Every structure is written in C-alpha cells, then in structure tokens.
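Visitor: File name coords_32.cif; file contents mmCIF, C-alpha atoms and all ligand atoms; full text below.
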```cif
data_query
loop_
_atom_site.group_PDB
_atom_site.id
_atom_site.type_symbol
_atom_site.label_atom_id
_atom_site.label_comp_id
_atom_site.auth_asym_id
_atom_site.auth_seq_id
_atom_site.Cartn_x
_atom_site.Cartn_y
_atom_site.Cartn_z
ATOM 1 C CA MET A 1 -109.006 69.483 116.354
ATOM 2 C CA SER A 2 -105.922 71.368 115.399
ATOM 3 C CA ALA A 3 -102.417 71.316 113.996
ATOM 4 C CA ARG A 4 -101.335 69.312 117.046
ATOM 5 C CA ASP A 5 -103.840 66.552 116.245
ATOM 6 C CA ILE A 6 -102.592 66.434 112.634
ATOM 7 C CA ILE A 7 -98.998 66.061 113.845
ATOM 8 C CA ALA A 8 -99.966 63.317 116.312
ATOM 9 C CA ILE A 9 -101.670 61.271 113.571
ATOM 10 C CA ALA A 10 -98.864 61.935 111.043
ATOM 11 C CA GLN A 11 -96.298 60.708 113.574
ATOM 12 C CA GLU A 12 -98.378 57.601 114.359
ATOM 13 C CA MET A 13 -98.628 56.896 110.626
ATOM 14 C CA ASP A 14 -94.862 57.267 110.293
ATOM 15 C CA ALA A 15 -94.156 55.088 113.361
ATOM 16 C CA ALA A 16 -96.417 52.390 111.874
ATOM 17 C CA GLY A 17 -94.137 52.290 108.803
ATOM 18 C CA PHE A 18 -96.837 53.737 106.553
ATOM 19 C CA ALA A 19 -94.757 56.727 105.350
ATOM 20 C CA PRO A 20 -91.411 55.559 103.908
ATOM 21 C CA SER A 21 -89.114 58.338 102.605
ATOM 22 C CA LYS A 22 -91.273 61.078 104.201
ATOM 23 C CA SER A 23 -94.191 60.063 101.955
ATOM 24 C CA GLY A 24 -97.817 60.633 102.868
ATOM 25 C CA ASN A 25 -99.737 63.601 104.195
ATOM 26 C CA VAL A 26 -102.533 64.467 106.589
ATOM 27 C CA SER A 27 -105.193 67.176 106.354
ATOM 28 C CA LEU A 28 -108.154 68.500 108.307
ATOM 29 C CA ARG A 29 -111.059 70.631 107.064
ATOM 30 C CA THR A 30 -111.365 74.208 108.380
ATOM 31 C CA ALA A 31 -113.973 76.928 107.830
ATOM 32 C CA GLN A 32 -111.893 78.487 105.004
ATOM 33 C CA GLY A 33 -110.280 75.387 103.517
ATOM 34 C CA PHE A 34 -108.030 72.856 105.205
ATOM 35 C CA LEU A 35 -104.909 72.379 107.305
ATOM 36 C CA ILE A 36 -102.235 70.150 105.717
ATOM 37 C CA THR A 37 -98.771 68.811 106.476
ATOM 38 C CA PRO A 38 -95.821 70.419 104.658
ATOM 39 C CA THR A 39 -93.578 68.680 102.124
ATOM 40 C CA GLY A 40 -90.029 67.632 102.855
ATOM 41 C CA LYS A 41 -89.943 67.859 106.633
ATOM 42 C CA PRO A 42 -89.596 64.644 108.670
ATOM 43 C CA TYR A 43 -92.759 63.953 110.670
ATOM 44 C CA VAL A 44 -90.796 63.662 113.940
ATOM 45 C CA GLN A 45 -89.638 67.273 113.540
ATOM 46 C CA LEU A 46 -93.057 68.815 112.814
ATOM 47 C CA LYS A 47 -94.195 71.744 114.969
ATOM 48 C CA PRO A 48 -97.722 73.236 114.927
ATOM 49 C CA ALA A 49 -96.420 76.324 113.073
ATOM 50 C CA ASP A 50 -95.243 74.044 110.212
ATOM 51 C CA ILE A 51 -98.822 72.996 109.403
ATOM 52 C CA LEU A 52 -100.237 75.082 106.540
ATOM 53 C CA GLU A 53 -103.760 76.271 105.924
ATOM 54 C CA LEU A 54 -104.865 76.360 102.283
ATOM 55 C CA ASP A 55 -108.104 77.385 100.646
ATOM 56 C CA HIS A 56 -109.775 74.981 98.209
ATOM 57 C CA ASP A 57 -107.887 76.550 95.282
ATOM 58 C CA GLY A 58 -104.543 75.878 96.933
ATOM 59 C CA ARG A 59 -103.808 79.444 98.050
ATOM 60 C CA VAL A 60 -101.786 79.499 101.261
ATOM 61 C CA LEU A 61 -103.788 81.217 104.002
ATOM 62 C CA ARG A 62 -101.303 80.447 106.754
ATOM 63 C CA GLY A 63 -97.835 78.913 107.001
ATOM 64 C CA LYS A 64 -94.321 79.435 105.611
ATOM 65 C CA LEU A 65 -93.335 75.985 104.319
ATOM 66 C CA GLN A 66 -94.357 74.363 101.019
ATOM 67 C CA PRO A 67 -97.604 72.376 101.355
ATOM 68 C CA SER A 68 -97.618 68.651 100.599
ATOM 69 C CA SER A 69 -97.263 68.048 96.845
ATOM 70 C CA GLU A 70 -100.607 66.195 97.032
ATOM 71 C CA TRP A 71 -102.645 69.206 98.191
ATOM 72 C CA ARG A 72 -104.694 68.993 94.961
ATOM 73 C CA PHE A 73 -106.406 65.727 95.837
ATOM 74 C CA HIS A 74 -107.071 66.906 99.377
ATOM 75 C CA ALA A 75 -108.723 70.079 97.981
ATOM 76 C CA SER A 76 -110.749 68.121 95.399
ATOM 77 C CA ILE A 77 -111.950 65.563 97.955
ATOM 78 C CA TYR A 78 -113.075 68.276 100.416
ATOM 79 C CA ARG A 79 -114.979 69.985 97.584
ATOM 80 C CA ALA A 80 -116.656 66.732 96.487
ATOM 81 C CA ARG A 81 -117.278 65.200 99.912
ATOM 82 C CA PRO A 82 -119.070 67.206 102.597
ATOM 83 C CA ASP A 83 -118.784 64.127 104.857
ATOM 84 C CA ALA A 84 -114.971 64.275 104.793
ATOM 85 C CA ASN A 85 -113.443 66.363 107.557
ATOM 86 C CA ALA A 86 -110.073 64.603 107.616
ATOM 87 C CA ILE A 87 -107.968 62.936 104.911
ATOM 88 C CA LEU A 88 -104.916 60.707 105.256
ATOM 89 C CA HIS A 89 -102.640 59.620 102.445
ATOM 90 C CA ASN A 90 -99.887 57.065 102.928
ATOM 91 C CA HIS A 91 -97.725 54.457 101.222
ATOM 92 C CA SER A 92 -98.473 51.646 103.692
ATOM 93 C CA PRO A 93 -96.475 48.650 102.416
ATOM 94 C CA ARG A 94 -99.024 45.937 101.684
ATOM 95 C CA ALA A 95 -101.807 48.128 100.340
ATOM 96 C CA THR A 96 -99.221 49.891 98.186
ATOM 97 C CA ALA A 97 -97.955 46.522 96.887
ATOM 98 C CA LEU A 98 -101.511 45.664 95.849
ATOM 99 C CA SER A 99 -101.927 49.080 94.206
ATOM 100 C CA CYS A 100 -98.972 48.232 91.943
ATOM 101 C CA ALA A 101 -101.025 45.389 90.450
ATOM 102 C CA ARG A 102 -103.813 47.979 89.967
ATOM 103 C CA LYS A 103 -106.251 45.674 91.750
ATOM 104 C CA SER A 104 -109.269 46.691 93.801
ATOM 105 C CA ILE A 105 -109.787 44.739 97.025
ATOM 106 C CA PRO A 106 -112.994 42.684 96.784
ATOM 107 C CA ALA A 107 -115.236 41.668 99.704
ATOM 108 C CA PHE A 108 -113.096 38.672 100.682
ATOM 109 C CA HIS A 109 -113.684 39.726 104.344
ATOM 110 C CA TYR A 110 -116.663 41.553 105.806
ATOM 111 C CA MET A 111 -114.414 44.312 107.227
ATOM 112 C CA ILE A 112 -114.111 45.685 103.668
ATOM 113 C CA ALA A 113 -117.338 47.478 104.684
ATOM 114 C CA ILE A 114 -115.286 49.801 106.909
ATOM 115 C CA ALA A 115 -114.441 51.661 103.687
ATOM 116 C CA GLY A 116 -118.158 52.175 103.004
ATOM 117 C CA GLY A 117 -118.974 49.623 100.305
ATOM 118 C CA ALA A 118 -118.536 46.138 98.856
ATOM 119 C CA ASP A 119 -114.978 46.776 97.649
ATOM 120 C CA ILE A 120 -112.042 49.138 97.995
ATOM 121 C CA ARG A 121 -111.411 50.503 94.522
ATOM 122 C CA CYS A 122 -108.028 51.159 92.968
ATOM 123 C CA ALA A 123 -107.923 54.530 91.174
ATOM 124 C CA PRO A 124 -106.225 54.550 87.747
ATOM 125 C CA TYR A 125 -102.626 55.731 87.608
ATOM 126 C CA ALA A 126 -101.691 59.391 87.216
ATOM 127 C CA THR A 127 -98.485 61.227 88.145
ATOM 128 C CA PHE A 128 -98.291 62.250 91.802
ATOM 129 C CA GLY A 129 -99.327 65.807 92.603
ATOM 130 C CA THR A 130 -101.445 66.254 89.459
ATOM 131 C CA GLN A 131 -105.068 67.349 89.072
ATOM 132 C CA GLU A 132 -105.569 64.192 86.980
ATOM 133 C CA LEU A 133 -104.720 62.102 90.049
ATOM 134 C CA ALA A 134 -107.143 64.221 92.099
ATOM 135 C CA LEU A 135 -109.955 63.466 89.602
ATOM 136 C CA HIS A 136 -109.196 59.736 89.665
ATOM 137 C CA ALA A 137 -109.146 59.751 93.489
ATOM 138 C CA VAL A 138 -112.508 61.528 93.837
ATOM 139 C CA LYS A 139 -114.086 59.029 91.432
ATOM 140 C CA ALA A 140 -112.599 55.956 93.178
ATOM 141 C CA LEU A 141 -113.800 57.357 96.526
ATOM 142 C CA ASP A 142 -117.398 57.827 95.347
ATOM 143 C CA GLY A 143 -119.531 56.264 98.109
ATOM 144 C CA ARG A 144 -116.332 55.075 99.860
ATOM 145 C CA LYS A 145 -114.038 56.195 102.655
ATOM 146 C CA ALA A 146 -110.858 54.722 101.220
ATOM 147 C CA CYS A 147 -109.253 53.849 97.902
ATOM 148 C CA LEU A 148 -105.957 52.649 96.520
ATOM 149 C CA LEU A 149 -104.018 54.794 94.054
ATOM 150 C CA ALA A 150 -102.422 52.701 91.298
ATOM 151 C CA ASN A 151 -98.632 52.277 91.664
ATOM 152 C CA HIS A 152 -98.692 54.714 94.547
ATOM 153 C CA GLY A 153 -100.546 54.158 97.849
ATOM 154 C CA VAL A 154 -103.742 54.748 99.808
ATOM 155 C CA ILE A 155 -106.214 57.527 100.661
ATOM 156 C CA ALA A 156 -108.547 57.277 103.669
ATOM 157 C CA LEU A 157 -111.061 59.866 104.836
ATOM 158 C CA GLY A 158 -113.375 60.289 107.780
ATOM 159 C CA ALA A 159 -115.568 62.542 109.846
ATOM 160 C CA ASP A 160 -112.467 63.187 111.985
ATOM 161 C CA LEU A 161 -108.767 62.332 112.030
ATOM 162 C CA MET A 162 -109.140 59.278 114.264
ATOM 163 C CA SER A 163 -111.806 57.711 112.014
ATOM 164 C CA ALA A 164 -109.649 58.274 108.926
ATOM 165 C CA TRP A 165 -106.632 56.753 110.716
ATOM 166 C CA THR A 166 -108.673 53.728 111.836
ATOM 167 C CA ILE A 167 -109.767 53.134 108.239
ATOM 168 C CA ALA A 168 -106.208 53.558 106.878
ATOM 169 C CA ARG A 169 -104.924 50.933 109.338
ATOM 170 C CA GLU A 170 -107.714 48.513 108.459
ATOM 171 C CA VAL A 171 -107.074 48.964 104.715
ATOM 172 C CA GLU A 172 -103.437 47.964 105.299
ATOM 173 C CA ASN A 173 -104.551 44.968 107.387
ATOM 174 C CA LEU A 174 -107.044 43.830 104.731
ATOM 175 C CA ALA A 175 -104.537 44.308 101.913
ATOM 176 C CA GLY A 176 -102.085 42.117 103.843
ATOM 177 C CA GLN A 177 -104.652 39.362 104.357
ATOM 178 C CA TYR A 178 -105.669 39.492 100.701
ATOM 179 C CA LEU A 179 -102.033 39.285 99.542
ATOM 180 C CA ASP A 180 -101.402 36.371 101.932
ATOM 181 C CA LEU A 181 -104.344 34.472 100.444
ATOM 182 C CA LEU A 182 -103.126 35.080 96.901
ATOM 183 C CA ALA A 183 -99.522 34.216 97.841
ATOM 184 C CA ALA A 184 -100.702 30.919 99.348
ATOM 185 C CA GLY A 185 -102.354 30.094 96.034
ATOM 186 C CA LEU A 186 -105.788 30.136 97.678
ATOM 187 C CA LYS A 187 -108.802 31.523 95.903
ATOM 188 C CA PRO A 188 -110.662 33.953 98.188
ATOM 189 C CA VAL A 189 -114.404 33.346 98.480
ATOM 190 C CA ILE A 190 -116.017 36.725 97.848
ATOM 191 C CA LEU A 191 -119.044 37.699 99.954
ATOM 192 C CA SER A 192 -122.203 38.399 97.966
ATOM 193 C CA GLN A 193 -123.557 41.902 97.374
ATOM 194 C CA ALA A 194 -126.595 40.982 99.520
ATOM 195 C CA GLU A 195 -124.378 39.928 102.435
ATOM 196 C CA MET A 196 -122.295 43.095 102.129
ATOM 197 C CA ARG A 197 -125.505 45.162 102.214
ATOM 198 C CA ARG A 198 -126.389 43.439 105.526
ATOM 199 C CA VAL A 199 -122.903 44.124 106.911
ATOM 200 C CA LEU A 200 -123.039 47.779 105.824
ATOM 201 C CA ALA A 201 -126.441 48.179 107.521
ATOM 202 C CA LYS A 202 -125.020 46.707 110.746
ATOM 203 C CA PHE A 203 -121.978 48.994 110.562
ATOM 204 C CA ALA A 204 -124.327 51.967 110.174
ATOM 205 C CA ASP A 205 -126.249 50.797 113.270
ATOM 206 C CA TYR A 206 -123.069 50.527 115.317
ATOM 207 C CA GLY A 207 -121.850 53.874 113.987
ATOM 208 C CA ARG A 208 -118.656 52.110 112.938
ATOM 209 C CA ALA A 209 -118.668 52.864 109.248
HETATM 210 ZN ZN ZN B 1 -98.031 59.572 97.900
#
```
Represent the structure contained in this file as structure tokens.
Guide:
Amino acid sequence: MSARDIIAIAQEMDAAGFAPSKSGNVSLRTAQGFLITPTGKPYVQLKPADILELDHDGRVLRGKLQPSSEWRFHASIYRARPDANAILHNHSPRATALSCARKSIPAFHYMIAIAGGADIRCAPYATFGTQELALHAVKALDGRKACLLANHGVIALGADLMSAWTIAREVENLAGQYLDLLAAGLKPVILSQAEMRRVLAKFADYGRA
C-alpha cells in the first residue's frame, strides 16, 4: 500500500464520474498519520511525489503541495476509528443528489449492510473543510463504513483502499436505486431490523462487510 495505490484508486474514482470539478480525496493510514491526495491537481496528473503525508493534527510530514481541504475529517476519522485504514470521499452523482435532500438511505435493499448497519446515515450540513464537518462525519459513521454528507457527497472507509472503493461504488448504486424508486412514485418496503441483523451476520461470515 502506497502513494501509487492511492493514485490508482483516485483515478478510478475520477473515471467513474465520482469526482466532478476535481472534487473528492483519498487517504491511507500510515504509522505516523496518513497519506492524502493534494488539492487542486487533476487526478490524471498525480505523481507519487504529489501525495502528502500528514500527522493527525494536520502537520505536513512529507510533500510540497497543499493537502486536500478535507484533511480534517480524514484525521478525525482515523483518530476515532482504529478499523479504518483507508478513506475515500467523493461527490458521486446520485448519492450526492440524495444528500441534498438530507436523507439517510434506509434498508430498502439488503446490500445496505455493506456499510455496516441497517441504514446509511446522512451527516448534518457544515461548510466543507471545517472541523464541524469532521465532527458530524465521525458521528454519522459510528458503527458504519459509509455516510452521506448533507448537500455535499459521500465518505466511505475500509480496512484497505479496495474495500473502501467497493463500498463507495455500492453506496452510489444503492442511492441510484433508491432515487429511481422514489422517482417512480413507488414506496420502498423497508427490511426489518431483525432481517438486517441476519444479513449483517451473514456478511460477517463471508468477510464481505
Ligand atoms: Zn467534497
């Protein structure tokens, strides 16, 4: 796991249309803090030397560019979540659309369990780049591996970059299905808490969640 892996995932995220206007960022835990993508540089142009290393207080340990403006929520999540070794943030279109209604995604489909619980919460709104947003994100992620950020986008985390990326893609897929249901005027049938507990137990068995 290295700067090259971060760039590969960031470029995949961009190619998937999840990072309009150079939005989004990718980070990976290190012994001293975390590696993170810089702000302002197109993902296609990123070189390993452009990836910064920060400590958990935001001090730059390595790198010459400015870190992503969202380094605060990455730092706060790594402090709060020993299980998180990689964090992805993006503005994937359909999940972001849902975030603008400030709606959590309920268990309308069993795959909601991929995010670790019976729903995917939407964190309250705060200005991008602020510590207030970081606090909201940590709370919305409690017991979860993904959340929406109101009027903003998505955060996904995982034990490694590929797990976080898999979850981010599934959140976008689920958000799209949920929006399609609502747009069709259909009322989603929400799975019970008991059923979601069964699904979560099966995911744990398969090592998928
Ligand atoms: Zn953002």
Visitor: Report as a list in words the full result of the PyMOL selection byres (((chain A and resi 129) around 10) and not hetatm) when it is applied to this structure.
Guide: Ser68, Ser69, Glu70, Trp71, Arg72, Phe73, Ala126, Thr127, Phe128, Thr130, Gln131, Glu132, Leu133 and Ala134 of chain A
Visitor: For range 191-208 of chain A, please output as a PyMOL selection string all residues within 6 Å (counting all atoms listed in the file; exclusion window: fewer than 3 positions along the same chain).
Guide: chain A and resi 107+113+118
Visitor: Take the PyMOL selection byres (((chain A and resi 50) around 9) and not hetatm), apply it to the structure above, and return the hits as a list in words.
Guide: Ala3, Thr37, Pro38, Lys41, Leu46, Lys47, Pro48, Ala49, Ile51, Leu52, Gly63, Lys64 and Leu65 of chain A
Visitor: Convert the output of the PyMOL selection byres (((chain A and resi 44) around 10) and not hetatm) on the shown file into explicit residues, formatted as a ChimeraX atom specification.
Guide: /A:7-8,10-12,14-15,41-43,45-47
Visitor: Compare A:Leu54, A:Met162, A:Arg62, A:Pro93 by their minimum atom-to-atom distance to ligand ZN 1 (chain B), counting all atoms listed in the file, and give me the closest one.
Guide: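 Among the listed residues, A:Pro93 lies closest to ligand ZN 1 (chain B).
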Visitor: Give me, please, the distance in Å between CA of Asp55 in chain A and CA of Thr30 in chain A, quoted to one decimal.
Guide: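 Atom-to-atom, CA of Asp55 in chain A to CA of Thr30 in chain A, that is 9.0 Å.
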Visitor: Produce a table with one row for each residue of chain A that has an atom at most 10 Å from any atom of ligand ZN 1 (chain B), each row naming the nearest atom pair and its distance in Å at one decimal; use all atoms listed in the file; arrange rows by chain and rising residue number; format as a Markdown table.
Guide:
```
| residue | atom | partner | partner_atom | distance |
| --- | --- | --- | --- | --- |
| A:Ala19 | CA | B:ZN1 | ZN | 8.6 |
| A:Pro20 | CA | B:ZN1 | ZN | 9.8 |
| A:Lys22 | CA | B:ZN1 | ZN | 9.4 |
| A:Ser23 | CA | B:ZN1 | ZN | 5.6 |
| A:Gly24 | CA | B:ZN1 | ZN | 5.1 |
| A:Asn25 | CA | B:ZN1 | ZN | 7.7 |
| A:Ser68 | CA | B:ZN1 | ZN | 9.5 |
| A:Ser69 | CA | B:ZN1 | ZN | 8.6 |
| A:Glu70 | CA | B:ZN1 | ZN | 7.2 |
| A:His89 | CA | B:ZN1 | ZN | 6.5 |
| A:Asn90 | CA | B:ZN1 | ZN | 5.9 |
| A:His91 | CA | B:ZN1 | ZN | 6.1 |
| A:Ser92 | CA | B:ZN1 | ZN | 9.8 |
| A:Thr96 | CA | B:ZN1 | ZN | 9.8 |
| A:Thr127 | CA | B:ZN1 | ZN | 9.9 |
| A:Phe128 | CA | B:ZN1 | ZN | 6.7 |
| A:Gly129 | CA | B:ZN1 | ZN | 8.3 |
| A:Leu149 | CA | B:ZN1 | ZN | 8.6 |
| A:Asn151 | CA | B:ZN1 | ZN | 9.6 |
| A:His152 | CA | B:ZN1 | ZN | 5.9 |
| A:Gly153 | CA | B:ZN1 | ZN | 6.0 |
| A:Val154 | CA | B:ZN1 | ZN | 7.7 |
| A:Ile155 | CA | B:ZN1 | ZN | 8.9 |
```
Visitor: From the set A:Ala146, A:Ala97, A:Val60, A:Ala16, which residue has the shortest atom-to-atom contact distance to Gly158 in chain A, counting all atoms listed in the file?
Guide: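 Of all the options, A:Ala146 lies closest to Gly158 in chain A.
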Visitor: Mind pulling up the distance from CA of Gly58 in chain A to CA of Leu148 in chain A?
Guide: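 CA of Gly58 in chain A lies at a distance of 23.3 Å from CA of Leu148 in chain A.
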